[in-house]
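> Take this structure, written in structure tokens, and hold onto it; I'll ask about it next.
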Amino acid sequence: MGVLNDRVALVTGAGRGIGAAVAEGLAAEGAGVVVNDLGVDLEGGGTDPGPAKEVADRIVANGGTAIHDGTNVTDFDGVEAMIQRTVKELGRLDILINVAGIVRDGMIFKMTEQQWDSVIDVHLKGTFNTTRHASAHWRENRGGEFRLINFISGSGLFGAPSQPNYAAAKAGIVGLTFSCANALRGYGVTSNLIAPVATTRMTEGLGAQGSFNYSKENKQLSPENCVPAIVYMASEASSWLNRRVVSSGNGKIGLHSNFDMQIELEASSDDGVWTNEEAAQAMEANFKGAAEQMNPWGRK
Ligand SMILES: NC(=O)c1ccc[n+]([C@@H]2O[C@H](COP(=O)([O-])OP(=O)(O)OC[C@H]3O[C@@H](n4cnc5c(N)ncnc54)[C@H](O)[C@@H]3O)[C@@H](O)[C@H]2O)c1
């Protein structure tokens, strides 16, 4: 018996990389899986139904249940049809995992409008599209144990200098997911985020960097090593976890502190009004040292 028996998952961007490992990992635990992938190159060009089909075929060859789907996640109506197809062909939808992504890097002062729009479109609008239509289905079928798991990145949490579009899209997904966590819990849905790290075509060119050795031989950084945390988050047992950021990969699983406030200072005057001088003095005295400590991944 797998922990996901009788459950159905839709995984976007599941034709390659981490998404493919997630689709196969869920199927190995008994879930029926829709393997969605447009089959584009790293920057979003071209389309190819091959990768999604290959992953679905592999799942079926291993005794699992899967169908492949080539919908572009940026297509609002197409995504609605994909959700309807999921329910029609696999009988239900319990788990939505938004993995699909592209990168079009550039420094902010050189970034083109096209670089900006395309990355926001795939990550942020794509995640909205699937979540919008899945949540309407969950609202109509309330009473289940539904799971929304959205992929973000350390780039969005910490701000990779050459990825303003990608960082903004990923941080936008954080706000979207937190809103869903509060709006959908009453319908049986938990909404959480995964910040993964793995060697894929997106990262393999990075080589060795500190404790990250991006090589296909390094099992610790394999896409498969991100999956156990996600299998748990997709399972009914994780109903206690909502509105959280979890990181997974490189042999580690982390719980992040969201954007929760760390220190709050009150104005000392009776009317609660700050002067410029008081604010400057209080912030330097109370925030400066604390801000320097708030670098869990050692980034300034
Ligand atoms: N690899 C890492 O270390 C890392 C780190 C942080 C975040 N991420 C995130 O994890 C996710 C997976 O990344 P990966 O490294 O496996 O990348 P990948 O390029 O191997 O896989 C991404 C998949 O998404 C698909 N895709 C792109 N646009 C699509 C669209 N419009 N509709 C449907 N499918 C589409 C691609 O065809 C591709 O197969 C992404 O969201 C990425 O931003 C990855």
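Simple scheme: letters A, B, ... for chains in structure tokens order, numbers from 1 for residues in each chain, numbers from 1 for ligands in the order shown.
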Listing only residues of chain A within 8 Å of ligand 1, what is the closest atom pair and its distance in Å (to one decimal) for each, using only C-alpha atoms and all ligand atoms, sorted by chain and residue number ascending, as a tab-separated table?

```
residue	atom	partner	partner_atom_place_in_ligand_line	distance
A:Thr12	CA	ligand 1	34 (N)	5.8
A:Gly13	CA	ligand 1	24 (O)	3.5
A:Ala14	CA	ligand 1	39 (O)	6.0
A:Gly15	CA	ligand 1	39 (O)	4.6
A:Arg16	CA	ligand 1	39 (O)	4.3
A:Gly17	CA	ligand 1	16 (O)	3.4
A:Ile18	CA	ligand 1	16 (O)	3.8
A:Gly19	CA	ligand 1	16 (O)	5.6
A:Ala20	CA	ligand 1	16 (O)	7.6
A:Asn36	CA	ligand 1	33 (C)	6.2
A:Asp37	CA	ligand 1	34 (N)	3.9
A:Leu38	CA	ligand 1	33 (C)	4.2
A:Gly39	CA	ligand 1	37 (O)	3.6
A:Val40	CA	ligand 1	37 (O)	4.1
A:Asp41	CA	ligand 1	37 (O)	6.2
A:Leu42	CA	ligand 1	19 (O)	5.3
A:Gly44	CA	ligand 1	28 (N)	5.6
A:Thr47	CA	ligand 1	37 (O)	7.6
A:Asp48	CA	ligand 1	37 (O)	7.9
A:Pro51	CA	ligand 1	39 (O)	7.0
A:Ala52	CA	ligand 1	39 (O)	7.8
A:Gly70	CA	ligand 1	33 (C)	6.9
A:Thr71	CA	ligand 1	33 (C)	6.1
A:Asn72	CA	ligand 1	32 (N)	3.8
A:Val73	CA	ligand 1	32 (N)	4.1
A:Thr74	CA	ligand 1	31 (N)	5.5
A:Asn98	CA	ligand 1	41 (O)	7.3
A:Val99	CA	ligand 1	41 (O)	4.5
A:Ala100	CA	ligand 1	24 (O)	3.6
A:Gly101	CA	ligand 1	41 (O)	4.1
A:Ile102	CA	ligand 1	27 (C)	5.2
A:Val103	CA	ligand 1	43 (O)	7.3
A:Asp121	CA	ligand 1	31 (N)	8.0
A:Val122	CA	ligand 1	31 (N)	5.0
A:His123	CA	ligand 1	41 (O)	6.8
A:Gly126	CA	ligand 1	31 (N)	6.9
A:Phe151	CA	ligand 1	41 (O)	5.3
A:Ile152	CA	ligand 1	7 (C)	5.5
A:Ser153	CA	ligand 1	6 (C)	4.0
A:Gly154	CA	ligand 1	6 (C)	6.1
A:Ser155	CA	ligand 1	6 (C)	7.0
A:Tyr166	CA	ligand 1	43 (O)	7.7
A:Lys170	CA	ligand 1	43 (O)	7.8
A:Ala195	CA	ligand 1	6 (C)	5.7
A:Pro196	CA	ligand 1	6 (C)	4.9
A:Val197	CA	ligand 1	3 (O)	3.4
A:Ala198	CA	ligand 1	3 (O)	4.0
A:Thr199	CA	ligand 1	1 (N)	5.6
A:Thr200	CA	ligand 1	15 (O)	4.7
A:Arg201	CA	ligand 1	20 (O)	5.2
A:Met202	CA	ligand 1	15 (O)	4.7
A:Thr203	CA	ligand 1	1 (N)	5.4
A:Pro223	CA	ligand 1	16 (O)	7.3
```
> Could you build a table of the residues in region 72-134 of chain A lying no more than 10 Å from region 232-242 of chain A, giving for each the nearest pair of atoms and their separation in Å rounded to one decimal place, using only C-alpha atoms, ordered by chain and ascending residue number, as a Markdown table?

```
| residue | atom | partner | partner_atom | distance |
| --- | --- | --- | --- | --- |
| A:Asp94 | CA | A:Ala234 | CA | 8.6 |
| A:Ile95 | CA | A:Ala234 | CA | 6.4 |
| A:Leu96 | CA | A:Ala234 | CA | 8.6 |
| A:Ile97 | CA | A:Ala234 | CA | 8.7 |
```
> Using N, CA and C atoms, can you write the selected residues to a file as a PDB file, in the first residue's frame?

```
ATOM      1  N   ASP A  94      -6.884  15.474  -6.314  1.00  0.00           N
ATOM      2  CA  ASP A  94      -6.581  15.716  -4.903  1.00  0.00           C
ATOM      3  C   ASP A  94      -5.375  16.625  -4.708  1.00  0.00           C
ATOM      4  N   ILE A  95      -4.426  16.547  -5.632  1.00  0.00           N
ATOM      5  CA  ILE A  95      -3.119  17.186  -5.418  1.00  0.00           C
ATOM      6  C   ILE A  95      -2.738  17.970  -6.668  1.00  0.00           C
ATOM      7  N   LEU A  96      -2.408  19.237  -6.497  1.00  0.00           N
ATOM      8  CA  LEU A  96      -1.887  20.051  -7.611  1.00  0.00           C
ATOM      9  C   LEU A  96      -0.481  20.497  -7.240  1.00  0.00           C
ATOM     10  N   ILE A  97       0.482  20.183  -8.092  1.00  0.00           N
ATOM     11  CA  ILE A  97       1.861  20.605  -7.830  1.00  0.00           C
ATOM     12  C   ILE A  97       2.340  21.425  -9.031  1.00  0.00           C
TER      13      ILE A  97
END
```
> Near Pro228 (chain A), within 12 Å and counting only C-alpha atoms, which residues show up once chain neighbours fewer than 6 positions away are dropped, as a list in words?
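These residues fall inside the cut-off: Val3, Ile18, Ala21, Val22, Ala23, Glu24, Gly25, Leu26, Ala28, Glu29, Ile194, Pro196, Ser222, Ala234, Ser235, Ser247, Ser248, Gly249, Gly251, Lys252 and Ile253 of chain A.
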> Could you name the residues that touch region 256-260 of chain A at 10 Å or less, counting only C-alpha atoms, but leaving out those on the same chain fewer than 4 positions away, as a VMD selection string?
chain A and resid 157 174 to 175 178 193 195 243 to 247 296
> Take the residues from that selection and write them out as a compact mmCIF listing (two decimals), in the first residue's frame, keeping all heavy atoms.

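Once everything was written out, this is again12.txt:
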```
# COMPACT_ATOMS: atom_id res chain seq x y z
N LEU A 157 13.41 34.06 -2.56
CA LEU A 157 13.47 34.35 -1.13
C LEU A 157 14.64 35.26 -0.78
O LEU A 157 14.56 36.06 0.14
CB LEU A 157 13.59 33.03 -0.34
CG LEU A 157 12.41 32.04 -0.48
CD1 LEU A 157 12.74 30.72 0.20
CD2 LEU A 157 11.14 32.63 0.09
N VAL A 174 4.69 33.19 -3.66
CA VAL A 174 4.59 33.10 -2.19
C VAL A 174 3.31 33.79 -1.73
O VAL A 174 2.51 33.22 -0.97
CB VAL A 174 5.83 33.73 -1.51
CG1 VAL A 174 5.65 33.72 0.01
CG2 VAL A 174 7.10 32.99 -1.90
N GLY A 175 3.07 35.02 -2.20
CA GLY A 175 1.87 35.75 -1.79
C GLY A 175 0.60 35.05 -2.24
O GLY A 175 -0.38 34.94 -1.48
N PHE A 178 0.08 32.02 0.05
CA PHE A 178 -0.37 32.39 1.40
C PHE A 178 -1.85 32.79 1.36
O PHE A 178 -2.62 32.45 2.26
CB PHE A 178 0.46 33.55 1.94
CG PHE A 178 1.86 33.17 2.39
CD1 PHE A 178 2.76 34.15 2.79
CD2 PHE A 178 2.28 31.85 2.40
CE1 PHE A 178 4.04 33.81 3.21
CE2 PHE A 178 3.56 31.50 2.81
CZ PHE A 178 4.45 32.50 3.22
N LEU A 193 4.52 25.81 0.01
CA LEU A 193 5.55 26.10 -0.99
C LEU A 193 6.75 25.20 -0.83
O LEU A 193 7.11 24.85 0.30
CB LEU A 193 5.99 27.56 -0.83
CG LEU A 193 4.86 28.55 -1.13
CD1 LEU A 193 4.86 29.69 -0.15
CD2 LEU A 193 4.95 29.03 -2.56
N ALA A 195 10.80 25.16 -1.94
CA ALA A 195 11.99 25.75 -2.57
C ALA A 195 12.97 24.59 -2.77
O ALA A 195 13.60 24.14 -1.81
CB ALA A 195 12.59 26.81 -1.65
N ARG A 243 0.33 27.05 4.74
CA ARG A 243 0.94 28.39 4.64
C ARG A 243 2.40 28.36 5.07
O ARG A 243 2.85 29.25 5.77
CB ARG A 243 0.14 29.40 5.48
CG ARG A 243 0.21 30.84 4.99
CD ARG A 243 -0.56 31.77 5.91
NE ARG A 243 0.03 31.88 7.22
CZ ARG A 243 1.00 32.75 7.55
NH1 ARG A 243 1.47 33.59 6.65
NH2 ARG A 243 1.47 32.79 8.77
N ARG A 244 3.13 27.37 4.59
CA ARG A 244 4.53 27.23 4.98
C ARG A 244 5.44 27.10 3.78
O ARG A 244 5.05 26.60 2.73
CB ARG A 244 4.72 25.99 5.86
CG ARG A 244 4.07 26.11 7.22
CD ARG A 244 4.79 27.12 8.09
NE ARG A 244 3.89 27.72 9.05
CZ ARG A 244 4.09 28.91 9.63
NH1 ARG A 244 5.14 29.63 9.33
NH2 ARG A 244 3.25 29.38 10.50
N VAL A 245 6.70 27.51 3.99
CA VAL A 245 7.75 27.34 2.98
C VAL A 245 8.68 26.23 3.45
O VAL A 245 9.24 26.32 4.55
CB VAL A 245 8.57 28.63 2.81
CG1 VAL A 245 9.70 28.41 1.79
CG2 VAL A 245 7.69 29.80 2.40
N VAL A 246 8.80 25.20 2.63
CA VAL A 246 9.70 24.08 2.94
C VAL A 246 10.76 24.04 1.84
O VAL A 246 10.43 24.16 0.66
CB VAL A 246 8.92 22.75 2.99
CG1 VAL A 246 9.86 21.55 3.10
CG2 VAL A 246 7.91 22.76 4.14
N SER A 247 12.02 23.90 2.23
CA SER A 247 13.06 23.70 1.20
C SER A 247 13.47 22.24 1.20
O SER A 247 13.41 21.57 2.24
CB SER A 247 14.26 24.61 1.44
OG SER A 247 14.74 24.47 2.76
N PRO A 296 19.96 32.78 6.87
CA PRO A 296 20.08 31.34 7.13
C PRO A 296 20.95 30.61 6.11
O PRO A 296 21.53 29.60 6.45
CB PRO A 296 18.63 30.85 7.07
CG PRO A 296 17.85 31.94 6.41
CD PRO A 296 18.58 33.21 6.69
```
> Enter the distance from CA of Glu145 (chain A) to CA of Thr190 (chain A), in Å, rounded to one decimal.
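Taking CA of Glu145 (chain A) and CA of Thr190 (chain A), their separation equals 7.9 Å.
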> Any idea what's packed within 10 Å of Tyr187 (chain A), counting only C-alpha atoms, ignoring anything in its chain fewer than 4 positions away? Could you give it as a ChimeraX atom specification?
/A:135,138-146,183
> Might you pull out every residue within 9 Å of Arg7 (chain A), with only C-alpha atoms counted and same-chain residues fewer than 2 positions away left off, and present them as a PyMOL selection string?
chain A and resi 4-5+9+30-33+92-95+235
> Taking only C-alpha atoms into account, which of A:Val79, A:Ala160, A:Val87, A:Cys226 comes nearest Phe128 (chain A)?
A:Val79
> Which one of A:Val11, A:Gly210, A:Glu89, A:Asp75 sits closest to Val55 (chain A) if you count only C-alpha atoms?
A:Val11
